[in-house]
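One file, target.cif, is given below (mmCIF, C-alpha atoms and all ligand atoms).
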```cif
data_work
loop_
_atom_site.label_atom_id
_atom_site.label_comp_id
_atom_site.auth_asym_id
_atom_site.auth_seq_id
_atom_site.Cartn_x
_atom_site.Cartn_y
_atom_site.Cartn_z
CA MET O 136 41.82 -86.52 84.75
CA ALA O 137 40.59 -83.01 84.23
CA ILE O 138 39.90 -82.06 80.65
CA GLN O 139 42.56 -79.82 79.16
CA THR O 140 41.66 -76.76 77.16
CA ALA O 141 43.43 -74.05 75.21
CA PRO O 142 42.21 -70.65 74.05
CA LEU O 143 40.92 -70.46 70.49
CA PRO O 144 43.41 -68.89 68.09
CA LEU O 145 42.21 -65.33 67.49
CA PRO O 146 42.75 -63.45 64.24
CA ALA O 147 44.60 -60.14 64.27
CA SER O 148 41.26 -58.34 63.84
CA ALA O 149 39.94 -59.56 67.21
CA ASP O 150 40.41 -57.68 70.48
CA PRO O 151 41.86 -60.33 72.82
CA SER O 152 40.57 -58.52 75.93
CA LYS O 153 37.01 -59.18 74.71
CA PHE O 154 37.68 -62.88 74.14
CA ALA O 155 39.28 -63.79 77.46
CA GLU O 156 36.34 -66.05 78.35
CA PHE O 157 35.01 -66.79 74.87
CA GLY O 158 35.78 -70.10 73.20
CA ARG O 159 38.07 -72.97 74.11
CA GLU O 160 39.72 -75.82 72.26
CA VAL O 161 39.12 -79.06 74.14
CA LEU O 162 42.23 -81.15 73.94
CA ASN O 163 42.24 -84.63 75.31
CA VAL O 164 38.83 -86.22 74.83
CA ASP O 165 36.93 -88.02 72.09
CA PRO O 166 33.67 -86.06 71.67
CA GLY O 167 31.91 -89.07 70.15
CA ASN O 168 32.60 -91.21 73.20
CA LEU O 169 32.47 -89.01 76.28
CA SER O 170 32.09 -90.67 79.65
CA PRO O 171 29.34 -89.17 81.84
CA GLU O 172 32.03 -87.44 83.90
CA GLU O 173 33.70 -86.02 80.81
CA PHE O 174 30.38 -84.87 79.44
CA ALA O 175 29.55 -83.06 82.68
CA GLU O 176 32.84 -81.20 82.39
CA VAL O 177 32.34 -80.40 78.71
CA GLU O 178 28.84 -79.10 79.44
CA LYS O 179 30.17 -76.75 82.09
CA LEU O 180 32.92 -75.57 79.76
CA LEU O 181 30.37 -74.86 77.05
CA TYR O 182 28.12 -72.73 79.22
CA LYS O 183 31.16 -70.87 80.48
CA HIS O 184 32.92 -70.30 77.16
CA SER O 185 30.01 -70.41 74.65
CA ALA O 186 31.95 -72.29 71.94
CA LEU O 187 34.13 -75.40 72.06
CA LEU O 188 36.38 -76.76 69.35
CA PHE O 189 37.40 -80.42 69.08
CA ARG O 190 40.01 -81.03 66.40
CA ASN O 191 40.45 -84.28 64.48
CA ALA O 192 37.11 -85.55 65.70
CA ASP O 193 35.64 -88.76 64.35
CA LEU O 194 31.90 -88.53 64.63
CA THR O 195 29.11 -90.53 62.99
CA PRO O 196 25.70 -88.87 62.56
CA GLU O 197 24.46 -91.11 65.39
CA GLN O 198 27.26 -89.95 67.69
CA GLN O 199 26.66 -86.34 66.75
CA TYR O 200 22.97 -86.68 67.57
CA ALA O 201 23.77 -88.39 70.88
CA LEU O 202 26.26 -85.68 71.84
CA THR O 203 23.82 -82.90 70.94
CA LYS O 204 21.00 -84.60 72.81
CA ALA O 205 23.12 -85.02 75.93
CA PHE O 206 22.85 -81.26 76.52
CA ASP O 207 19.04 -81.56 76.60
CA PRO O 208 18.06 -85.20 77.08
CA ALA O 209 14.33 -84.56 76.71
CA ALA O 210 14.82 -82.95 73.28
CA GLU O 211 14.30 -85.13 70.23
CA THR O 212 13.36 -83.27 67.08
CA TYR O 213 15.58 -81.11 64.92
CA GLY O 214 15.50 -77.42 65.81
CA HIS O 215 13.22 -76.64 62.89
CA GLY O 216 11.24 -79.88 63.21
CA ASN O 217 12.29 -83.16 61.68
CA ASN O 218 10.82 -82.21 58.34
CA LYS O 219 13.30 -79.33 58.42
CA THR O 220 11.40 -76.15 57.80
CA GLY O 221 7.87 -76.96 58.75
CA ASN O 222 5.15 -77.55 56.28
CA THR O 223 6.34 -75.39 53.49
CA LYS O 224 8.90 -75.08 50.75
CA SER O 225 8.55 -71.33 50.78
CA SER O 226 10.78 -71.03 53.86
CA ILE O 227 14.00 -69.16 53.26
CA LEU O 228 15.84 -72.09 54.89
CA HIS O 229 14.47 -74.74 52.58
CA PRO O 230 17.36 -74.93 50.09
CA ASP O 231 20.04 -74.96 52.81
CA LEU O 232 19.20 -78.18 54.63
CA LYS O 233 19.44 -81.82 53.56
CA THR O 234 18.51 -84.45 56.10
CA ILE O 235 20.69 -87.51 56.80
CA PRO O 236 18.07 -90.22 56.17
CA ARG O 237 18.85 -92.49 59.12
CA GLN O 238 19.37 -89.65 61.59
CA PRO O 239 16.94 -86.92 60.50
CA GLN O 240 18.05 -84.53 63.24
CA VAL O 241 21.41 -84.23 61.50
CA GLN O 242 21.57 -82.03 58.41
CA LEU O 243 24.07 -82.08 55.58
CA ILE O 244 24.97 -78.52 54.65
CA GLY O 245 27.67 -77.06 52.46
CA ASN O 246 28.42 -76.46 48.82
CA GLY O 247 28.74 -78.36 45.56
CA MET O 248 27.90 -81.95 44.65
CA VAL O 249 28.24 -84.67 47.26
CA TYR O 250 27.82 -88.33 46.28
CA ASN O 251 27.11 -91.49 48.29
CA HIS O 252 27.12 -89.68 51.55
CA GLU O 253 25.62 -91.39 54.62
CA GLY O 254 22.76 -92.88 52.61
CA LEU O 255 22.30 -89.91 50.30
CA GLU O 256 23.05 -91.00 46.76
CA GLU O 257 23.50 -87.48 45.52
CA ALA O 258 23.09 -84.10 47.17
CA LYS O 259 23.42 -80.74 45.53
CA LEU O 260 24.50 -78.28 48.22
CA LYS O 261 24.58 -74.55 47.94
CA HIS O 262 26.41 -72.35 50.42
CA PRO O 263 23.98 -69.53 51.12
CA SER O 264 25.22 -66.16 49.95
CA HIS O 265 24.31 -62.57 50.62
CA THR O 266 23.72 -62.04 46.91
CA ASN O 267 20.19 -63.39 47.04
CA PHE O 268 19.27 -62.23 50.53
CA HIS O 269 20.62 -58.70 51.02
CA LYS O 270 19.00 -55.61 49.52
CA THR O 271 22.30 -54.69 47.91
CA ARG O 272 25.19 -56.88 46.88
CA VAL O 273 28.92 -56.77 46.49
CA SER O 274 29.67 -56.05 42.84
CA PRO O 275 30.75 -59.08 40.82
CA GLU O 276 34.10 -57.35 40.23
CA ASP O 277 34.69 -56.96 43.98
CA GLU O 278 33.50 -60.51 44.57
CA GLU O 279 36.09 -61.66 42.09
CA LYS O 280 38.67 -59.90 44.26
CA GLY O 281 37.51 -61.80 47.33
CA VAL O 282 35.14 -59.30 48.90
CA THR O 283 32.16 -60.83 50.68
CA ARG O 284 29.69 -60.22 53.51
CA PHE O 285 28.05 -61.82 56.50
CA TYR O 286 25.04 -63.74 55.21
CA ARG O 287 22.62 -63.62 58.14
CA TRP O 288 23.31 -63.18 61.84
CA HIS O 289 21.07 -65.58 63.70
CA ILE O 290 20.30 -68.02 66.45
CA ASP O 291 19.48 -71.55 65.27
CA ALA O 292 15.78 -71.66 66.07
CA ALA O 293 12.39 -72.13 64.44
CA LEU O 294 11.10 -69.20 66.55
CA TYR O 295 7.57 -70.52 66.11
CA ASP O 296 6.04 -73.36 68.10
CA LEU O 297 9.41 -74.99 68.91
CA SER O 298 11.83 -73.78 71.59
CA PRO O 299 15.29 -72.50 70.61
CA PRO O 300 17.91 -75.27 70.77
CA LYS O 301 20.40 -75.06 73.61
CA VAL O 302 23.33 -76.29 71.59
CA THR O 303 24.35 -76.65 67.97
CA THR O 304 27.06 -79.03 66.82
CA LEU O 305 28.81 -78.31 63.52
CA TYR O 306 31.17 -80.90 62.09
CA GLY O 307 33.38 -80.14 59.11
CA ILE O 308 33.83 -83.16 56.86
CA LYS O 309 34.97 -81.57 53.61
CA VAL O 310 36.52 -78.14 53.83
CA PRO O 311 37.75 -76.49 50.64
CA VAL O 312 41.00 -74.60 50.94
CA GLY O 313 41.24 -71.20 49.36
CA PRO O 314 42.49 -67.67 49.79
CA LYS O 315 41.17 -65.50 52.58
CA GLN O 316 38.31 -63.14 51.79
CA THR O 317 37.45 -59.64 52.95
CA CYS O 318 34.19 -59.39 54.85
CA ARG O 319 32.81 -55.93 54.20
CA TYR O 320 29.96 -54.31 56.16
CA ASP O 321 28.96 -51.77 53.47
CA ASP O 322 27.02 -49.74 56.03
CA GLY O 323 28.95 -46.51 55.74
CA THR O 324 31.28 -47.29 58.66
CA GLY O 325 34.14 -48.56 56.54
CA ASP O 326 34.25 -51.69 58.72
CA GLU O 327 35.80 -54.73 57.07
CA PHE O 328 38.14 -57.53 58.08
CA GLU O 329 39.88 -60.56 56.70
CA VAL O 330 38.12 -63.92 57.04
CA PRO O 331 39.04 -67.50 56.18
CA LEU O 332 37.17 -68.82 53.14
CA GLY O 333 33.75 -70.11 54.22
CA THR O 334 34.18 -69.15 57.84
CA THR O 335 31.42 -69.35 60.39
CA ALA O 336 31.44 -66.07 62.30
CA PHE O 337 30.46 -65.93 65.97
CA VAL O 338 29.77 -63.08 68.34
CA SER O 339 29.05 -63.33 72.04
CA GLY O 340 25.57 -62.41 73.23
CA LYS O 341 27.08 -61.72 76.62
CA THR O 342 29.43 -59.14 75.13
CA MET O 343 26.55 -57.73 73.09
CA PHE O 344 24.82 -56.88 76.37
CA GLU O 345 27.92 -55.81 78.30
CA ILE O 346 29.03 -53.13 75.85
CA LEU O 347 25.68 -51.33 75.78
CA PRO O 348 25.35 -47.92 77.40
CA PRO O 349 23.19 -47.87 80.58
CA GLU O 350 19.97 -46.69 78.89
CA LEU O 351 20.08 -49.52 76.37
CA LYS O 352 20.97 -52.06 79.07
CA SER O 353 17.88 -50.86 80.91
CA LEU O 354 15.77 -51.24 77.78
CA ALA O 355 17.16 -54.71 77.06
CA VAL O 356 16.59 -56.05 80.55
CA ARG O 357 12.96 -54.88 80.46
CA SER O 358 12.07 -56.03 76.94
CA LYS O 359 10.65 -59.00 75.13
CA VAL O 360 10.43 -59.53 71.40
CA LYS O 361 7.57 -61.12 69.54
CA TYR O 362 8.51 -63.13 66.49
CA SER O 363 6.34 -63.41 63.42
CA PRO O 364 4.44 -66.67 62.91
CA HIS O 365 6.50 -68.86 60.54
CA PRO O 366 9.23 -66.20 60.53
CA TYR O 367 11.32 -67.82 57.77
CA VAL O 368 8.37 -67.83 55.40
CA TRP O 369 7.37 -64.34 56.48
CA MET O 370 10.86 -62.92 55.82
CA ALA O 371 11.49 -64.83 52.57
CA PRO O 372 10.33 -62.07 50.18
CA ALA O 373 12.17 -59.35 52.15
CA HIS O 374 15.78 -58.17 51.85
CA ALA O 375 18.42 -58.00 54.55
CA LYS O 376 20.70 -55.18 55.57
CA SER O 377 24.24 -55.16 54.19
CA THR O 378 25.59 -56.37 57.56
CA GLY O 379 23.24 -59.38 57.57
CA LEU O 380 21.93 -58.11 60.90
CA GLY O 381 18.21 -57.83 60.24
CA ILE O 382 15.88 -56.84 57.47
CA GLU O 383 15.42 -53.57 55.60
CA THR O 384 11.97 -52.15 56.16
CA GLU O 385 10.42 -52.08 52.71
CA GLY O 386 7.07 -53.68 53.46
CA LEU O 387 7.99 -56.85 51.58
CA GLU O 388 7.28 -59.41 54.34
CA MET O 389 4.61 -61.94 53.50
CA PRO O 390 1.23 -60.78 54.85
CA LEU O 391 0.11 -62.82 57.86
CA GLY O 392 -2.97 -64.00 56.01
CA GLU O 393 -0.83 -65.56 53.28
CA LEU O 394 1.39 -67.56 55.64
CA PRO O 395 0.80 -71.27 56.19
CA PRO O 396 -1.86 -71.85 58.88
CA TRP O 397 -0.73 -70.59 62.29
CA GLU O 398 -1.98 -70.16 65.84
CA GLU O 399 -1.38 -67.28 68.17
CA SER O 400 -0.57 -69.72 70.99
CA LYS O 401 2.47 -70.98 69.04
CA VAL O 402 3.89 -67.53 68.35
CA LYS O 403 7.08 -66.93 70.33
CA VAL O 404 7.43 -64.01 72.70
CA LEU O 405 10.91 -64.22 74.25
CA PRO O 406 12.98 -61.98 76.49
CA ILE O 407 15.77 -60.05 74.79
CA LEU O 408 18.22 -61.26 77.45
CA TRP O 409 18.59 -64.98 78.13
CA LYS O 410 20.00 -66.12 81.42
CA ASN O 411 22.91 -68.53 81.32
CA PRO O 412 21.93 -71.35 83.70
CA ILE O 413 25.52 -72.04 84.81
CA THR O 414 27.18 -68.60 84.96
CA GLY O 415 24.08 -66.46 85.56
CA ASP O 416 25.28 -64.10 82.81
CA LEU O 417 22.77 -62.35 80.57
CA HIS O 418 23.17 -62.93 76.83
CA PHE O 419 21.53 -60.64 74.27
CA GLN O 420 19.75 -63.21 72.11
CA VAL O 421 17.58 -61.80 69.37
CA HIS O 422 17.26 -63.11 65.82
CA PRO O 423 16.64 -59.71 64.32
CA CYS O 424 15.23 -60.91 60.97
CA GLY O 425 12.24 -62.62 62.55
CA VAL O 426 11.10 -60.02 65.07
CA SER O 427 7.83 -58.19 64.51
CA GLU O 428 7.04 -56.44 67.82
CA LEU O 429 8.68 -55.29 71.03
CA PHE O 430 7.22 -55.22 74.54
CA VAL O 431 8.90 -53.02 77.15
CA ASP O 432 8.10 -53.30 80.85
CA PRO O 433 7.94 -50.09 82.87
CA LEU O 434 10.90 -49.18 85.04
CA PRO O 435 10.72 -50.74 88.47
CA THR O 436 9.87 -48.36 91.30
CA ASN O 437 12.93 -46.58 92.64
CA ALA O 438 14.77 -46.88 89.33
CA GLN O 439 16.20 -43.67 87.99
CA ARG O 440 13.88 -42.25 85.33
CA GLU O 441 16.26 -39.65 84.00
CA GLY O 442 17.48 -40.62 80.53
CA ALA O 443 15.49 -43.85 80.58
CA LEU O 444 13.84 -45.05 77.38
CA TYR O 445 10.16 -45.90 77.68
CA PRO O 446 10.12 -45.43 81.50
CA ASP O 447 6.41 -46.29 81.61
CA GLY O 448 6.72 -49.29 79.33
CA ALA O 449 5.63 -49.66 75.72
CA HIS O 450 4.31 -52.02 73.08
CA LEU O 451 6.03 -51.17 69.81
CA THR O 452 4.38 -52.52 66.67
CA ASP O 453 5.96 -50.28 64.05
CA LEU O 454 8.31 -52.66 62.27
CA GLY O 455 10.74 -49.94 61.24
CA GLN O 456 10.96 -48.57 64.76
CA VAL O 457 11.38 -52.03 66.30
CA ARG O 458 14.17 -52.89 63.88
CA GLU O 459 15.91 -49.58 64.39
CA LEU O 460 16.03 -50.07 68.15
CA LEU O 461 17.29 -53.64 67.88
CA TYR O 462 19.92 -52.63 65.34
CA LYS O 463 21.16 -49.91 67.64
CA MET O 464 21.58 -52.50 70.39
CA GLN O 465 23.07 -55.30 68.27
CA ARG O 466 25.28 -53.57 65.69
CA PRO O 467 28.07 -52.61 68.12
CA ALA O 468 28.66 -56.28 68.95
CA ILE O 469 29.37 -57.35 65.37
CA ALA O 470 32.26 -54.89 64.97
CA PRO O 471 35.31 -56.64 63.48
CA LYS O 472 37.16 -56.69 66.80
CA LEU O 473 34.29 -58.64 68.43
CA VAL O 474 33.88 -61.33 65.77
CA TYR O 475 35.43 -64.78 66.02
CA PRO O 476 35.65 -66.19 62.48
CA HIS O 477 36.36 -69.89 62.77
CA ASP O 478 39.01 -71.14 60.38
CA TRP O 479 37.61 -74.58 59.50
CA HIS O 480 39.77 -77.64 59.05
CA GLU O 481 38.52 -81.09 58.17
CA LYS O 482 37.27 -83.01 61.20
CA ASP O 483 36.80 -79.87 63.26
CA LEU O 484 33.80 -80.18 65.54
CA VAL O 485 32.50 -76.91 66.92
CA VAL O 486 29.90 -77.11 69.66
CA PHE O 487 28.28 -73.80 70.43
CA TYR O 488 25.90 -72.53 73.07
CA ASN O 489 23.13 -71.45 70.75
CA ARG O 490 21.46 -69.50 73.56
CA GLY O 491 24.60 -67.49 74.17
CA VAL O 492 25.97 -66.51 70.76
CA LEU O 493 24.86 -65.22 67.37
CA HIS O 494 26.49 -66.64 64.29
CA SER O 495 26.58 -66.15 60.55
CA VAL O 496 27.60 -67.92 57.41
CA VAL O 497 30.18 -65.87 55.52
CA GLY O 498 31.70 -65.96 52.10
CA ALA O 499 31.06 -67.38 48.71
CA PHE O 500 32.22 -70.58 47.05
CA LYS O 501 32.44 -71.53 43.41
CA PRO O 502 30.25 -74.50 42.43
CA GLU O 503 33.28 -76.78 42.15
CA GLN O 504 34.42 -76.02 45.71
CA VAL O 505 32.90 -78.89 47.66
CA ARG O 506 32.11 -78.31 51.29
CA ALA O 507 30.26 -80.84 53.43
CA PHE O 508 29.31 -80.29 57.06
CA HIS O 509 27.00 -82.07 59.46
CA GLN O 510 24.90 -79.82 61.62
CA CYS O 511 22.68 -80.85 64.51
CA ASN O 512 20.55 -79.00 66.98
CA LEU O 513 17.40 -79.99 68.77
CA ALA O 514 14.27 -78.01 69.57
CA ALA O 515 14.68 -77.55 73.31
CA SER O 516 12.54 -79.04 76.04
CA ASP O 517 11.86 -75.54 77.38
CA ASP O 518 12.05 -71.88 76.43
CA PRO O 519 15.00 -69.80 77.62
CA THR O 520 14.51 -67.88 80.84
CA GLY O 521 14.95 -64.15 81.01
CA PRO O 522 16.43 -61.82 83.60
CA THR O 523 15.53 -62.39 87.24
CA ALA O 524 13.95 -59.69 89.42
CA GLU O 525 17.45 -59.08 90.78
CA ASP O 526 18.82 -58.59 87.26
CA VAL O 527 16.06 -56.09 86.49
CA LYS O 528 16.83 -54.23 89.68
CA GLN O 529 20.51 -54.12 88.80
CA TRP O 530 20.24 -53.02 85.18
CA ALA O 531 16.92 -51.20 84.70
FE FE C 1 23.02 -71.48 62.04
#
```

Would it be possible to restate this file's structure as structure tokens?
Amino acid sequence: MAIQTAPLPLPASADPSKFAEFGREVLNVDPGNLSPEEFAEVEKLLYKHSALLFRNADLTPEQQYALTKAFDPAAETYGHGNNKTGNTKSSILHPDLKTIPRQPQVQLIGNGMVYNHEGLEEAKLKHPSHTNFHKTRVSPEDEEKGVTRFYRWHIDAALYDLSPPKVTTLYGIKVPVGPKQTCRYDDGTGDEFEVPLGTTAFVSGKTMFEILPPELKSLAVRSKVKYSPHPYVWMAPAHAKSTGLGIETEGLEMPLGELPPWEESKVKVLPILWKNPITGDLHFQVHPCGVSELFVDPLPTNAQREGALYPDGAHLTDLGQVRELLYKMQRPAIAPKLVYPHDWHEKDLVVFYNRGVLHSVVGAFKPEQVRAFHQCNLAASDDPTGPTAEDVKQWA
């Protein structure tokens, strides 16, 4: 029997024409016990639609690990390494992740106190909030009224040494109910929209590329970004923009010499556009907070030079300039009409194509609002591939 699917329910803020292909609810299968045939179908659906929702899922940490691994059978370690954030507590991710002892690739994330949970006697969880990451913050008075922000737009990936996971699975176990909040951009555009409390916001990397004007498509298809060594340690002292889409350039990043030991050979240089292995689509996949440099290839011969940016190629090392260019390319895609804010219910399992979307934590909880999620992703067995020669010819 073919697997049945339904479109994801879109909020009024979303433009349905931009979500025709994005996201599906998968209706008649048990994600913890997929047959090989069912899995093959689910895998195809995921690459095609970028995010799949299974409602009322029952999933042990072992089943969640097995499901996640099925998308990349050679992958074994958690996306940031099994000791979570590498060899240091100074990583900005350190407080957010608690490992399930018997299945260390599965993390317990959320908010508030959780007791006797899957072998963890007691876990104190804290939903990350923009208030200690952004340069500016929503005033406490506005927060009281339910105003909030995106925390950090990202891809789940260590971006140093390990390859970006293909898939992330997020399973909602305890979901506090509360009034909707207003997610405000605070970037002078007036953009804001209503979000469910504690939503996870997704945008499509495919759309991010598709809506660019020709000169930025040409730049994207010819460019690679270089990430800092240990990017989450590097960025920890810095402050993010009010949209959560990258870092303000204030010179606060940790100097390379003060980072934990690192090797140039483990530094990640990745194409801006990642090729979807099933659909062939190009997804704009950059974790803007971690980028330090940009490499641009020259235009191919016969390409039109008029209006082209960096027609002879470039190596940009000015952090401010690199960030400005990336922001110009990425900001349009996080407009309210292009964001899917998932409205979590208990036992929702969301499986997303981590190489095809960007996502962000949103919102703020009070300490007594207990939220418990299991998250799993695995450092991939290979790096993503970029545009083909044909793609470059088409878009450069
Ligand atoms: Fe994430």

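If you look at atom CA of Leu255 of chain O and atom CA of Lys501 of chain O, they are 22.1 Å away from each other.
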
Between chain O and ligand FE 1 (chain C), at 7 Å or less, what are the per-residue closest atom pairs and their distances in Å? Count only C-alpha atoms and all ligand atoms, order by chain and rising residue number, and return it as CSV.
```
residue,atom,partner,partner_atom,distance
O:His289,CA,C:FE1,FE,6.4
O:Ile290,CA,C:FE1,FE,6.2
O:Asp291,CA,C:FE1,FE,4.8
O:His494,CA,C:FE1,FE,6.4
O:Ser495,CA,C:FE1,FE,6.6
```

TODO: For atom CA of Glu279 of chain O and atom CA of Pro314 of chain O, determine how far apart the two atoms are, in Å to one decimal place.
DONE: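 Distance between the two atoms: 11.7 Å.
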
Would you tabulate, counting only C-alpha atoms, all residues of segment 253-351 of chain O that have an atom at most 8 Å from an atom of segment 193-205 of chain O, showing the closest pair of atoms and their distance in Å to one decimal, sorted by chain then ascending number, as a Markdown table?
```
| residue | atom | partner | partner_atom | distance |
| --- | --- | --- | --- | --- |
| O:Val302 | CA | O:Thr203 | CA | 6.7 |
| O:Thr303 | CA | O:Thr203 | CA | 6.9 |
| O:Thr304 | CA | O:Thr203 | CA | 6.5 |
```

In terms of all atoms listed in the file, the residue from O:Ala470, O:Ala373, O:Leu305, O:Cys318 at minimal distance from Lys280 of chain O is O:Cys318

**Report entry** Selection: 8 Å around Tyr462 of chain O, all atoms listed in the file, excl. self and same-chain fewer than 5 positions, as a list in words
**Finding:** Leu380, Gly381 and Pro423 of chain O

Among listed residues O:His365, O:Arg319, O:Lys259, O:Lys410, nearest Phe344 of chain O (using all atoms listed in the file):
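Among the listed residues, the smallest separation from Phe344 of chain O belongs to O:Lys410.
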
| field | Of the listed residues O:Glu276, O:Glu329, O:Glu253, O:Glu428, that which approaches His477 of chain O most closely, counting all atoms listed in the file | value |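 Selected residue with least distance to His477 of chain O: O:Glu329.
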
Practice task
Have a look at O:Glu350, O:Glu388, O:Pro412, O:Pro396 and name the one nearest to Pro446 of chain O; count all atoms listed in the file.
Solution key: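 Among O:Glu350, O:Glu388, O:Pro412, O:Pro396, it is O:Glu350 that comes nearest to Pro446 of chain O.
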
Legend entry - Between atom CA of Leu461 of chain O and atom CA of Asp416 of chain O - distance in Å to one decimal: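 Rounded to one decimal, the two atoms are 19.9 Å apart.
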